[in-house]
>>> print(open('data12.cif').read())   # mmCIF, C-alpha atoms and all ligand atoms
data_my_file
loop_
_atom_site.label_atom_id
_atom_site.label_comp_id
_atom_site.auth_asym_id
_atom_site.auth_seq_id
_atom_site.Cartn_x
_atom_site.Cartn_y
_atom_site.Cartn_z
CA MET A 221 79.08 103.14 124.17
CA SER A 222 82.22 103.25 126.31
CA ILE A 223 85.44 103.07 124.35
CA ALA A 224 87.82 103.47 127.26
CA THR A 225 89.56 100.09 127.39
CA SER A 226 93.29 100.40 126.84
CA LYS A 227 94.71 97.09 125.75
CA PRO A 228 97.39 97.94 123.19
CA LEU A 229 97.09 95.75 120.17
CA TYR A 230 100.07 97.10 118.24
CA SER A 231 102.67 99.77 118.63
CA GLY A 232 104.08 100.96 115.31
CA LYS A 233 106.63 103.55 114.25
CA ALA A 234 104.21 106.45 114.63
CA LYS A 235 100.98 105.19 116.18
CA ASP A 236 99.71 102.97 118.97
CA ILE A 237 96.65 100.94 118.16
CA PHE A 238 94.31 100.03 121.01
CA GLU A 239 91.37 97.69 121.20
CA THR A 240 88.06 99.04 122.43
CA GLU A 241 85.08 97.28 124.00
CA ASP A 242 83.75 96.78 120.52
CA PRO A 243 85.89 94.12 118.78
CA ASN A 244 85.31 95.81 115.42
CA ILE A 245 86.48 99.25 116.51
CA LEU A 246 90.03 100.46 117.27
CA ARG A 247 91.53 103.57 118.77
CA ALA A 248 94.59 104.96 116.99
CA TYR A 249 96.84 107.14 119.13
CA PHE A 250 99.20 109.37 117.10
CA ARG A 251 102.62 109.88 118.71
CA ASP A 252 105.27 112.52 117.90
CA SER A 253 107.89 109.89 117.04
CA ALA A 254 109.20 110.02 113.50
CA THR A 255 111.25 107.54 111.49
CA ALA A 256 112.65 107.54 107.99
CA PHE A 257 114.57 105.18 105.72
CA ASN A 258 113.08 102.10 107.36
CA ALA A 259 113.62 103.38 110.85
CA GLN A 260 117.35 103.91 110.32
CA LYS A 261 116.69 107.54 111.16
CA LYS A 262 114.69 108.23 114.30
CA GLY A 263 113.50 111.41 115.95
CA GLU A 264 110.59 113.45 117.23
CA ILE A 265 108.56 116.17 115.59
CA HIS A 266 106.93 118.29 118.26
CA ASP A 267 103.12 117.97 118.18
CA LYS A 268 103.23 115.84 115.00
CA GLY A 269 100.73 113.43 116.58
CA LYS A 270 98.18 116.20 117.01
CA VAL A 271 98.71 117.52 113.50
CA ASN A 272 98.52 114.09 111.87
CA ALA A 273 95.45 112.92 113.78
CA THR A 274 93.57 116.12 112.95
CA ILE A 275 94.61 116.34 109.29
CA SER A 276 93.74 112.64 108.88
CA ALA A 277 90.30 113.18 110.41
CA LEU A 278 89.59 116.14 108.13
CA LEU A 279 90.83 114.38 104.99
CA PHE A 280 88.99 111.12 105.71
CA GLN A 281 85.81 113.21 106.04
CA LEU A 282 86.57 114.98 102.77
CA LEU A 283 86.94 111.60 101.04
CA GLU A 284 83.75 110.24 102.62
CA GLN A 285 81.88 113.32 101.33
CA ASN A 286 83.09 112.34 97.90
CA GLY A 287 82.03 108.71 98.01
CA ILE A 288 85.21 106.99 99.21
CA LYS A 289 84.71 104.38 101.92
CA THR A 290 87.20 104.73 104.80
CA HIS A 291 87.83 103.33 108.28
CA PHE A 292 87.26 106.72 109.94
CA ILE A 293 84.55 106.94 112.61
CA LYS A 294 85.42 110.05 114.61
CA GLN A 295 88.20 112.06 116.22
CA LEU A 296 88.23 111.34 119.96
CA SER A 297 90.87 113.84 121.08
CA ASP A 298 93.65 115.88 119.49
CA ARG A 299 95.79 112.72 119.10
CA GLU A 300 93.21 109.96 118.83
CA LEU A 301 90.95 108.61 116.12
CA LEU A 302 88.27 105.98 116.43
CA VAL A 303 88.40 103.71 113.39
CA LYS A 304 86.83 100.54 112.06
CA LYS A 305 89.14 97.59 112.56
CA VAL A 306 90.32 96.19 109.26
CA LYS A 307 92.56 93.39 108.09
CA ILE A 308 95.26 95.42 106.36
CA ILE A 309 96.40 94.22 102.93
CA PRO A 310 100.20 94.29 103.27
CA LEU A 311 100.63 96.64 100.33
CA GLU A 312 101.69 100.26 100.25
CA VAL A 313 99.67 101.79 97.43
CA ILE A 314 101.70 104.75 96.21
CA VAL A 315 100.28 107.42 93.92
CA ARG A 316 102.64 109.86 92.20
CA ASN A 317 101.92 113.07 90.28
CA ILE A 318 105.39 114.63 90.37
CA ALA A 319 108.73 112.82 90.47
CA ALA A 320 110.34 112.71 93.92
CA GLY A 321 111.87 110.32 96.44
CA SER A 322 112.50 106.72 95.48
CA LEU A 323 111.19 107.25 91.92
CA CYS A 324 113.99 109.74 91.24
CA LYS A 325 116.59 107.48 92.83
CA ARG A 326 115.41 104.44 90.91
CA LEU A 327 115.08 106.07 87.49
CA GLY A 328 117.54 108.95 87.63
CA ILE A 329 114.75 111.45 86.95
CA LYS A 330 115.07 114.99 88.26
CA GLU A 331 112.93 115.82 91.29
CA GLY A 332 109.97 117.97 90.25
CA LYS A 333 109.29 116.46 86.80
CA PHE A 334 105.53 116.39 86.19
CA LEU A 335 104.58 112.84 85.28
CA LYS A 336 102.67 112.50 82.02
CA GLU A 337 99.93 110.67 83.92
CA PRO A 338 99.53 109.81 87.61
CA ILE A 339 101.32 106.57 88.48
CA VAL A 340 100.06 103.98 90.96
CA GLU A 341 102.68 101.56 92.25
CA PHE A 342 102.76 98.93 94.96
CA SER A 343 105.36 98.17 97.62
CA TYR A 344 105.40 95.21 99.95
CA LYS A 345 104.62 96.46 103.47
CA ASN A 346 107.54 94.68 105.07
CA ASP A 347 110.09 96.70 107.05
CA ALA A 348 112.60 93.84 107.26
CA LEU A 349 112.79 93.75 103.46
CA GLY A 350 112.79 97.55 103.11
CA ASP A 351 109.28 97.74 101.54
CA PRO A 352 110.37 96.53 98.07
CA LEU A 353 108.58 97.64 94.90
CA LEU A 354 106.28 94.90 93.54
CA THR A 355 105.09 93.91 90.11
CA ARG A 356 101.54 92.65 89.58
CA LYS A 357 102.78 89.04 89.28
CA TYR A 358 104.83 89.39 92.48
CA ILE A 359 101.55 90.30 94.23
CA THR A 360 99.32 87.67 92.63
CA SER A 361 101.70 84.76 92.04
CA ALA A 362 104.82 85.08 94.21
CA LEU A 363 103.49 86.53 97.46
CA GLU A 364 99.83 85.61 96.68
CA ILE A 365 98.68 88.72 98.57
CA THR A 366 95.64 89.33 96.38
CA ASN A 367 94.18 88.85 92.90
CA ASN A 368 94.15 90.93 89.71
CA GLU A 369 90.59 92.15 90.28
CA THR A 370 91.49 93.59 93.68
CA ILE A 371 94.63 95.19 92.25
CA ASP A 372 92.46 96.86 89.57
CA TYR A 373 90.10 98.09 92.28
CA LEU A 374 92.97 99.49 94.39
CA ILE A 375 94.35 101.32 91.35
CA SER A 376 91.04 102.87 90.34
CA GLU A 377 90.09 103.81 93.95
CA SER A 378 93.54 105.38 94.52
CA LEU A 379 93.28 107.39 91.30
CA LYS A 380 89.84 108.65 92.35
CA ILE A 381 91.31 109.67 95.71
CA ASN A 382 94.14 111.42 93.85
CA GLU A 383 91.66 113.44 91.76
CA ILE A 384 89.82 114.56 94.92
CA PHE A 385 93.05 115.50 96.69
CA LYS A 386 94.59 117.30 93.71
CA GLN A 387 91.54 119.57 93.50
CA PHE A 388 91.21 120.14 97.22
CA PHE A 389 94.89 120.89 97.82
CA LEU A 390 95.14 123.21 94.83
CA GLU A 391 92.51 125.39 96.54
CA ILE A 392 94.82 125.73 99.55
CA GLY A 393 97.93 126.39 97.48
CA ILE A 394 99.47 122.94 97.72
CA LYS A 395 100.81 120.57 95.06
CA VAL A 396 100.20 116.90 95.88
CA VAL A 397 103.50 115.35 94.79
CA ASP A 398 102.85 111.79 95.95
CA PHE A 399 101.31 109.78 98.76
CA LYS A 400 100.99 106.33 100.25
CA LEU A 401 97.69 104.61 101.05
CA GLU A 402 96.80 101.45 102.94
CA PHE A 403 93.60 99.50 102.45
CA GLY A 404 91.99 96.70 104.44
CA TYR A 405 88.88 94.55 104.83
CA ASP A 406 86.33 95.46 107.49
CA LYS A 407 84.16 92.92 109.34
CA ASP A 408 81.71 92.79 106.41
CA LYS A 409 84.57 92.12 103.96
CA ASN A 410 84.33 95.61 102.43
CA LEU A 411 87.67 96.84 101.14
CA ILE A 412 88.12 100.33 102.62
CA LEU A 413 90.82 102.97 103.01
CA ALA A 414 92.64 102.81 106.37
CA ASP A 415 95.71 104.07 108.26
CA GLU A 416 96.40 107.85 108.07
CA LEU A 417 96.43 110.81 105.67
CA SER A 418 99.06 113.28 106.81
CA PRO A 419 102.39 114.96 106.00
CA ASP A 420 104.00 111.67 107.16
CA ASN A 421 102.67 109.80 104.16
CA PHE A 422 102.21 112.61 101.61
CA ARG A 423 104.65 114.89 99.86
CA PHE A 424 103.17 118.39 99.88
CA TRP A 425 104.84 121.32 98.10
CA ASP A 426 103.76 124.93 98.32
CA ALA A 427 102.22 125.71 94.92
CA LYS A 428 104.04 129.03 94.56
CA THR A 429 107.45 128.42 96.11
CA ASN A 430 107.77 124.60 95.95
CA GLU A 431 108.72 124.70 99.62
CA LYS A 432 108.47 121.19 101.10
CA LEU A 433 105.76 120.95 103.76
CA ASP A 434 105.99 117.29 104.75
CA LYS A 435 108.20 114.59 106.26
CA ASP A 436 110.93 115.22 103.67
CA ARG A 437 111.97 118.13 105.92
CA PHE A 438 112.83 115.54 108.57
CA ARG A 439 114.24 112.99 106.09
CA GLU A 440 116.53 115.57 104.49
CA ASP A 441 117.30 117.62 107.61
CA LEU A 442 115.83 120.77 106.08
CA GLY A 443 114.88 122.31 109.42
CA ASN A 444 111.57 123.76 110.66
CA THR A 445 109.76 120.42 110.25
CA GLU A 446 107.39 121.35 113.05
CA GLY A 447 106.52 124.65 111.35
CA ALA A 448 105.78 122.85 108.07
CA TYR A 449 103.40 120.40 109.79
CA GLN A 450 101.63 123.30 111.54
CA GLU A 451 101.33 125.16 108.24
CA MET A 452 99.70 122.12 106.62
CA LEU A 453 97.28 121.80 109.55
CA LYS A 454 96.34 125.47 109.23
CA ARG A 455 95.71 125.19 105.49
CA VAL A 456 93.74 121.92 105.70
CA LYS A 457 91.57 123.36 108.50
CA GLU A 458 90.95 126.47 106.42
CA GLY A 459 90.16 124.46 103.28
CA THR A 460 87.77 122.07 104.99
CA LYS A 461 85.74 124.86 106.62
CA GLN A 462 83.32 124.56 103.76
CA ASP A 463 81.99 121.21 102.53
CA HIS A 464 83.59 119.92 99.39
CA LYS A 465 81.44 117.81 97.19
CA PHE A 466 83.38 117.74 93.99
CA GLN A 467 80.97 117.42 91.11
CA ALA A 468 81.47 114.35 88.96
CA SER A 469 81.88 116.81 86.09
CA THR A 470 84.81 118.58 87.74
CA LEU A 471 86.51 115.29 88.51
CA ASN A 472 85.83 114.13 84.95
CA SER A 473 88.09 116.61 83.28
CA GLN A 474 89.21 114.61 80.23
CA SER A 475 87.37 112.87 77.43
CA PHE A 476 88.53 109.55 75.96
CA LYS A 477 87.47 107.73 72.80
CA VAL A 478 86.64 104.10 73.52
CA ARG A 479 86.49 101.19 71.10
CA VAL A 480 85.36 97.83 72.46
CA GLN A 481 85.67 94.75 70.27
CA VAL A 482 83.66 91.69 71.28
CA LEU A 483 84.30 88.27 69.73
CA SER A 484 83.22 84.77 70.71
CA LYS A 485 85.98 82.84 72.45
CA GLN A 486 88.30 80.69 70.34
CA ASP A 487 86.67 77.38 71.31
CA ILE A 488 83.06 78.62 71.06
CA LEU A 489 81.12 77.82 67.92
CA ASP A 490 80.39 80.89 65.78
CA PRO A 491 77.81 79.85 63.12
CA GLN A 492 77.88 83.25 61.43
CA GLY A 493 81.66 83.13 61.19
CA GLN A 494 81.52 79.59 59.85
CA ALA A 495 78.95 80.55 57.19
CA VAL A 496 81.08 83.48 56.04
CA GLU A 497 84.19 81.29 56.01
CA LYS A 498 82.40 78.75 53.83
CA ALA A 499 81.17 81.46 51.46
CA LEU A 500 84.63 83.05 51.19
CA LYS A 501 86.17 79.67 50.42
CA SER A 502 83.59 79.02 47.73
CA LEU A 503 84.63 82.33 46.16
CA GLY A 504 88.18 81.03 46.01
CA PHE A 505 89.66 82.56 49.17
CA THR A 506 90.78 79.15 50.35
CA GLU A 507 93.71 80.28 52.49
CA ILE A 508 91.53 81.72 55.28
CA LYS A 509 90.53 80.00 58.51
CA ASP A 510 88.96 80.65 61.94
CA VAL A 511 86.60 83.40 60.81
CA LYS A 512 84.80 85.04 63.72
CA ILE A 513 82.17 87.70 63.46
CA GLY A 514 81.74 90.00 66.40
CA LYS A 515 80.67 93.48 67.25
CA GLU A 516 82.37 96.78 67.84
CA ILE A 517 81.01 99.32 70.29
CA VAL A 518 82.35 102.88 70.23
CA PHE A 519 81.67 105.75 72.59
CA GLU A 520 83.25 108.61 74.48
CA ILE A 521 83.81 108.65 78.21
CA LYS A 522 84.66 111.56 80.48
CA ASN A 523 87.00 110.96 83.36
CA GLY A 524 89.88 112.55 85.23
CA SER A 525 92.12 109.61 84.45
CA LYS A 526 92.60 107.19 81.57
CA ASP A 527 93.23 104.31 83.98
CA ILE A 528 89.98 104.92 85.85
CA ALA A 529 88.12 105.25 82.52
CA LYS A 530 89.62 101.93 81.40
CA SER A 531 88.62 100.14 84.59
CA GLN A 532 85.08 101.51 84.18
CA VAL A 533 84.89 100.25 80.58
CA LYS A 534 86.16 96.87 81.77
CA GLU A 535 83.31 96.77 84.29
CA MET A 536 80.84 97.70 81.49
CA CYS A 537 82.16 94.78 79.43
CA GLU A 538 81.88 92.32 82.32
CA LYS A 539 78.35 93.49 83.21
CA LEU A 540 76.74 94.30 79.87
CA LEU A 541 78.71 94.72 76.68
CA ALA A 542 80.08 91.19 76.52
CA ASN A 543 79.19 87.79 77.88
CA PRO A 544 82.51 86.90 79.53
CA VAL A 545 81.61 83.19 79.64
CA ILE A 546 81.56 82.82 75.87
CA GLU A 547 83.04 86.07 74.57
CA ASP A 548 86.41 87.84 74.72
CA TYR A 549 86.64 91.60 74.59
CA LYS A 550 89.37 94.03 73.71
CA ILE A 551 89.37 97.65 74.87
CA GLU A 552 91.09 100.46 73.01
CA ILE A 553 91.04 103.82 74.71
CA ASN A 554 92.61 107.03 73.46
P1 LIG A 601 103.97 101.05 111.09
O1 LIG A 601 103.25 99.77 111.35
O2 LIG A 601 104.34 101.20 109.65
O3 LIG A 601 105.11 101.27 112.01
P2 LIG A 601 102.18 102.98 112.42
O4 LIG A 601 103.04 103.31 113.58
O5 LIG A 601 101.48 104.08 111.74
O6 LIG A 601 102.92 102.23 111.24
O7 LIG A 601 101.17 101.91 112.96
C1 LIG A 601 99.85 101.81 112.59
C2 LIG A 601 99.56 100.40 112.13
O8 LIG A 601 98.16 100.20 112.17
C3 LIG A 601 100.00 100.20 110.68
O9 LIG A 601 100.70 98.98 110.57
C4 LIG A 601 98.69 100.14 109.90
O10 LIG A 601 98.76 99.25 108.83
C5 LIG A 601 97.72 99.66 110.95
N1 LIG A 601 96.34 100.14 110.76
C6 LIG A 601 95.95 101.36 110.28
N2 LIG A 601 94.61 101.45 110.26
C7 LIG A 601 94.13 100.28 110.74
C8 LIG A 601 92.82 99.76 110.95
N3 LIG A 601 91.72 100.49 110.67
N4 LIG A 601 92.70 98.50 111.42
C9 LIG A 601 93.81 97.74 111.69
N5 LIG A 601 95.06 98.18 111.52
C10 LIG A 601 95.23 99.43 111.05
N1 LIG A 602 105.53 106.58 102.06
C1 LIG A 602 105.99 105.43 101.58
N2 LIG A 602 106.27 104.60 102.63
C2 LIG A 602 105.98 105.24 103.73
C3 LIG A 602 105.52 106.49 103.38
N3 LIG A 602 105.14 107.42 104.20
C4 LIG A 602 105.13 107.74 101.28
C5 LIG A 602 106.13 108.87 101.29
C6 LIG A 602 105.87 109.51 99.95
C7 LIG A 602 105.39 108.38 99.05
O1 LIG A 602 104.98 107.35 99.93
O2 LIG A 602 105.86 109.73 102.36
O3 LIG A 602 104.82 110.46 100.04
C8 LIG A 602 106.47 107.86 98.11
O4 LIG A 602 107.64 107.57 98.87
P1 LIG A 602 109.00 107.15 98.15
O5 LIG A 602 110.01 107.12 99.26
O6 LIG A 602 108.76 105.79 97.55
O7 LIG A 602 109.31 108.16 97.10
N1 LIG A 603 108.87 104.30 105.33
C1 LIG A 603 108.59 105.47 106.15
C2 LIG A 603 109.17 106.75 105.57
O1 LIG A 603 110.25 106.84 105.03
C3 LIG A 603 109.04 105.29 107.55
C4 LIG A 603 110.39 104.69 107.67
O2 LIG A 603 111.01 104.44 106.64
O3 LIG A 603 110.88 104.47 108.79
O4 LIG A 603 108.49 107.73 105.68
#
>>> encode(input="data12.cif", output="structure tokens", more="lines below")
Ligand code: ADP
Ligand code: AIR
Ligand code: ASP
Amino acid sequence: MSIATSKPLYSGKAKDIFETEDPNILRAYFRDSATAFNAQKKGEIHDKGKVNATISALLFQLLEQNGIKTHFIKQLSDRELLVKKVKIIPLEVIVRNIAAGSLCKRLGIKEGKFLKEPIVEFSYKNDALGDPLLTRKYITSALEITNNETIDYLISESLKINEIFKQFFLEIGIKVVDFKLEFGYDKDKNLILADELSPDNFRFWDAKTNEKLDKDRFREDLGNTEGAYQEMLKRVKEGTKQDHKFQASTLNSQSFKVRVQVLSKQDILDPQGQAVEKALKSLGFTEIKDVKIGKEIVFEIKNGSKDIAKSQVKEMCEKLLANPVIEDYKIEIN
């Protein structure tokens, strides 16, 4: 298959996107240009394009090895990736482990605070508006970008990705402070991870010294940005020399107690509940009403994250534990 057509489809702040002869495949060319603060600050980081294309390729492969579906097909040259064309959801999915950047500004928290649990937040991918932070209802009801189910999927997929990255980067002496992901729909309507995975969209700190090894060096004029990018490339290359298939057991580091309560919906007849109500009334407990009798299911679940565990239990309820047409369920997880 020849992929050598060069009709530019889009030229962004850091990459040029080209069509190929296959309408479902794109070529992403990584430039050295760098921007920050919604392109108010502009510059160049020597060889950034090479570093970002190569780190992205290696990290997309790491994720694929661990069951995450991505747009990555192959690395064509030191600055070019071949990717599946997707329709990008205009959301920046941001995962945070340690307080930094806009979180600190917004909440007055000190940079470096370990967050009690990883946080997933969404920004509107819209430069003109300065990528504003969104609530769930802003996404579903104001902008109507997507629905609650897709938001739940994006959260649980991003948390899984976070668990994989935290483990991988720890092995190469790096703390994953935070990162931004983009997702999109491929031609078969699969929702997959797209864009890039690089020091442009991650905050990486050296695990021993907390030295910043990412685009914050450029944002904050810390100097030696190029050296930091090269250092990250070196470490990621070293780390990905061996295959990493993280065992489910190593990703599932915590255990949670789950309690699921299933009850028939308010307007659904519950003969058992009615019988008990009648019996209670005949015993003189006349002040009661709307008795429902349901079931409670308890179990333990192992997972790296409470949010992922909760979304899995929700799926169990939808598929097996409850009949969502006639029953409501409530999940307690501790
Ligand atoms: P920006 O648009 O923010 O300036 P870039 O310069 O990195 O960013 O441009 C790359 C653009 O390509 C981004 O808007 C990104 O959403 C989009 N993109 C990334 N991966 C894909 C893909 N597989 N299919 C279609 N568009 C993609
Ligand atoms: N990010 C957000 N928009 C563009 C990018 N690259 C990334 C930053 C940082 C994380 O998202 O690189 O890793 C959180 O950014 P912030 O500014 O919201 O703290
Ligand atoms: N939002 C991106 C960043 O700060 C790029 C930009 O703001 O121009 O990394």
>>> residues_near_ligand(input="data12.cif", ligand="ligand LIG 602 (chain A)", cutoff="6 Å", atoms="all atoms listed in the file", output="PyMOL selection string")
chain A and resi 314+320-323+398-400+420-423
>>> closest_residue(input="data12.cif", among="A:Glu341, A:Glu377, A:Glu312, A:Asp236", to="Leu401 (chain A)", atoms="all atoms listed in the file")
A:Glu312
>>> residues_near_ligand(input="data12.cif", ligand="ligand LIG 603 (chain A)", cutoff="6 Å", atoms="only C-alpha atoms and all ligand atoms", output="MDAnalysis selection string")
chainID A and resid 255:259
>>> residues_near_point(input="data12.cif", point="(111.5, 96.6, 108.1)", cutoff="10 Å", atoms="only C-alpha atoms", output="PyMOL selection string")
chain A and resi 257-260+345-351
>>> residues_near_ligand(input="data12.cif", ligand="ligand LIG 601 (chain A)", cutoff="9 Å", atoms="all atoms listed in the file", output="mmCIF file with C-alpha atoms, in the frame of the given file")
data_model
loop_
_atom_site.group_PDB
_atom_site.id
_atom_site.type_symbol
_atom_site.label_atom_id
_atom_site.label_comp_id
_atom_site.auth_asym_id
_atom_site.auth_seq_id
_atom_site.Cartn_x
_atom_site.Cartn_y
_atom_site.Cartn_z
ATOM 1 C CA TYR A 230 100.070 97.100 118.240
ATOM 2 C CA SER A 231 102.670 99.770 118.630
ATOM 3 C CA GLY A 232 104.080 100.960 115.310
ATOM 4 C CA LYS A 233 106.630 103.550 114.250
ATOM 5 C CA ALA A 234 104.210 106.450 114.630
ATOM 6 C CA LYS A 235 100.980 105.190 116.180
ATOM 7 C CA ASP A 236 99.710 102.970 118.970
ATOM 8 C CA ILE A 237 96.650 100.940 118.160
ATOM 9 C CA ASN A 244 85.310 95.810 115.420
ATOM 10 C CA ILE A 245 86.480 99.250 116.510
ATOM 11 C CA LEU A 246 90.030 100.460 117.270
ATOM 12 C CA ARG A 247 91.530 103.570 118.770
ATOM 13 C CA ALA A 248 94.590 104.960 116.990
ATOM 14 C CA TYR A 249 96.840 107.140 119.130
ATOM 15 C CA PHE A 250 99.200 109.370 117.100
ATOM 16 C CA ARG A 251 102.620 109.880 118.710
ATOM 17 C CA SER A 253 107.890 109.890 117.040
ATOM 18 C CA THR A 255 111.250 107.540 111.490
ATOM 19 C CA ALA A 259 113.620 103.380 110.850
ATOM 20 C CA THR A 290 87.200 104.730 104.800
ATOM 21 C CA HIS A 291 87.830 103.330 108.280
ATOM 22 C CA PHE A 292 87.260 106.720 109.940
ATOM 23 C CA LEU A 302 88.270 105.980 116.430
ATOM 24 C CA VAL A 303 88.400 103.710 113.390
ATOM 25 C CA LYS A 304 86.830 100.540 112.060
ATOM 26 C CA LYS A 305 89.140 97.590 112.560
ATOM 27 C CA VAL A 306 90.320 96.190 109.260
ATOM 28 C CA LYS A 307 92.560 93.390 108.090
ATOM 29 C CA ILE A 308 95.260 95.420 106.360
ATOM 30 C CA ILE A 309 96.400 94.220 102.930
ATOM 31 C CA PRO A 310 100.200 94.290 103.270
ATOM 32 C CA LYS A 345 104.620 96.460 103.470
ATOM 33 C CA ASN A 346 107.540 94.680 105.070
ATOM 34 C CA ASP A 347 110.090 96.700 107.050
ATOM 35 C CA GLU A 402 96.800 101.450 102.940
ATOM 36 C CA PHE A 403 93.600 99.500 102.450
ATOM 37 C CA GLY A 404 91.990 96.700 104.440
ATOM 38 C CA TYR A 405 88.880 94.550 104.830
ATOM 39 C CA ASP A 406 86.330 95.460 107.490
ATOM 40 C CA ILE A 412 88.120 100.330 102.620
ATOM 41 C CA LEU A 413 90.820 102.970 103.010
ATOM 42 C CA ALA A 414 92.640 102.810 106.370
ATOM 43 C CA ASP A 415 95.710 104.070 108.260
ATOM 44 C CA GLU A 416 96.400 107.850 108.070
#
>>> atom_distance(input="data12.cif", atom1="CA of Glu391 (chain A)", atom2="CA of Ala273 (chain A)")
21.5 Å
>>> residues_around(input="data12.cif", residues="region 370-373 of chain A", least_positions_apart="5", cutoff="12 Å", atoms="all atoms listed in the file", output="PyMOL selection string")
chain A and resi 309+311-313+340-342+354-360+364-365+378-380+403-405+410-413+527-532+534-535
>>> residues_near_point(input="data12.cif", point="(89.3, 109.1, 74.7)", cutoff="6 Å", atoms="only C-alpha atoms", output="PyMOL selection string")
chain A and resi 475-478+553-554
>>> residues_around(input="data12.cif", residues="Asp252 (chain A)", least_positions_apart="5", cutoff="7 Å", atoms="only C-alpha atoms", output="list of chain:residue names")
A:Ala234, A:Glu264, A:Ile265, A:His266, A:Asp267, A:Lys268, A:Gly269
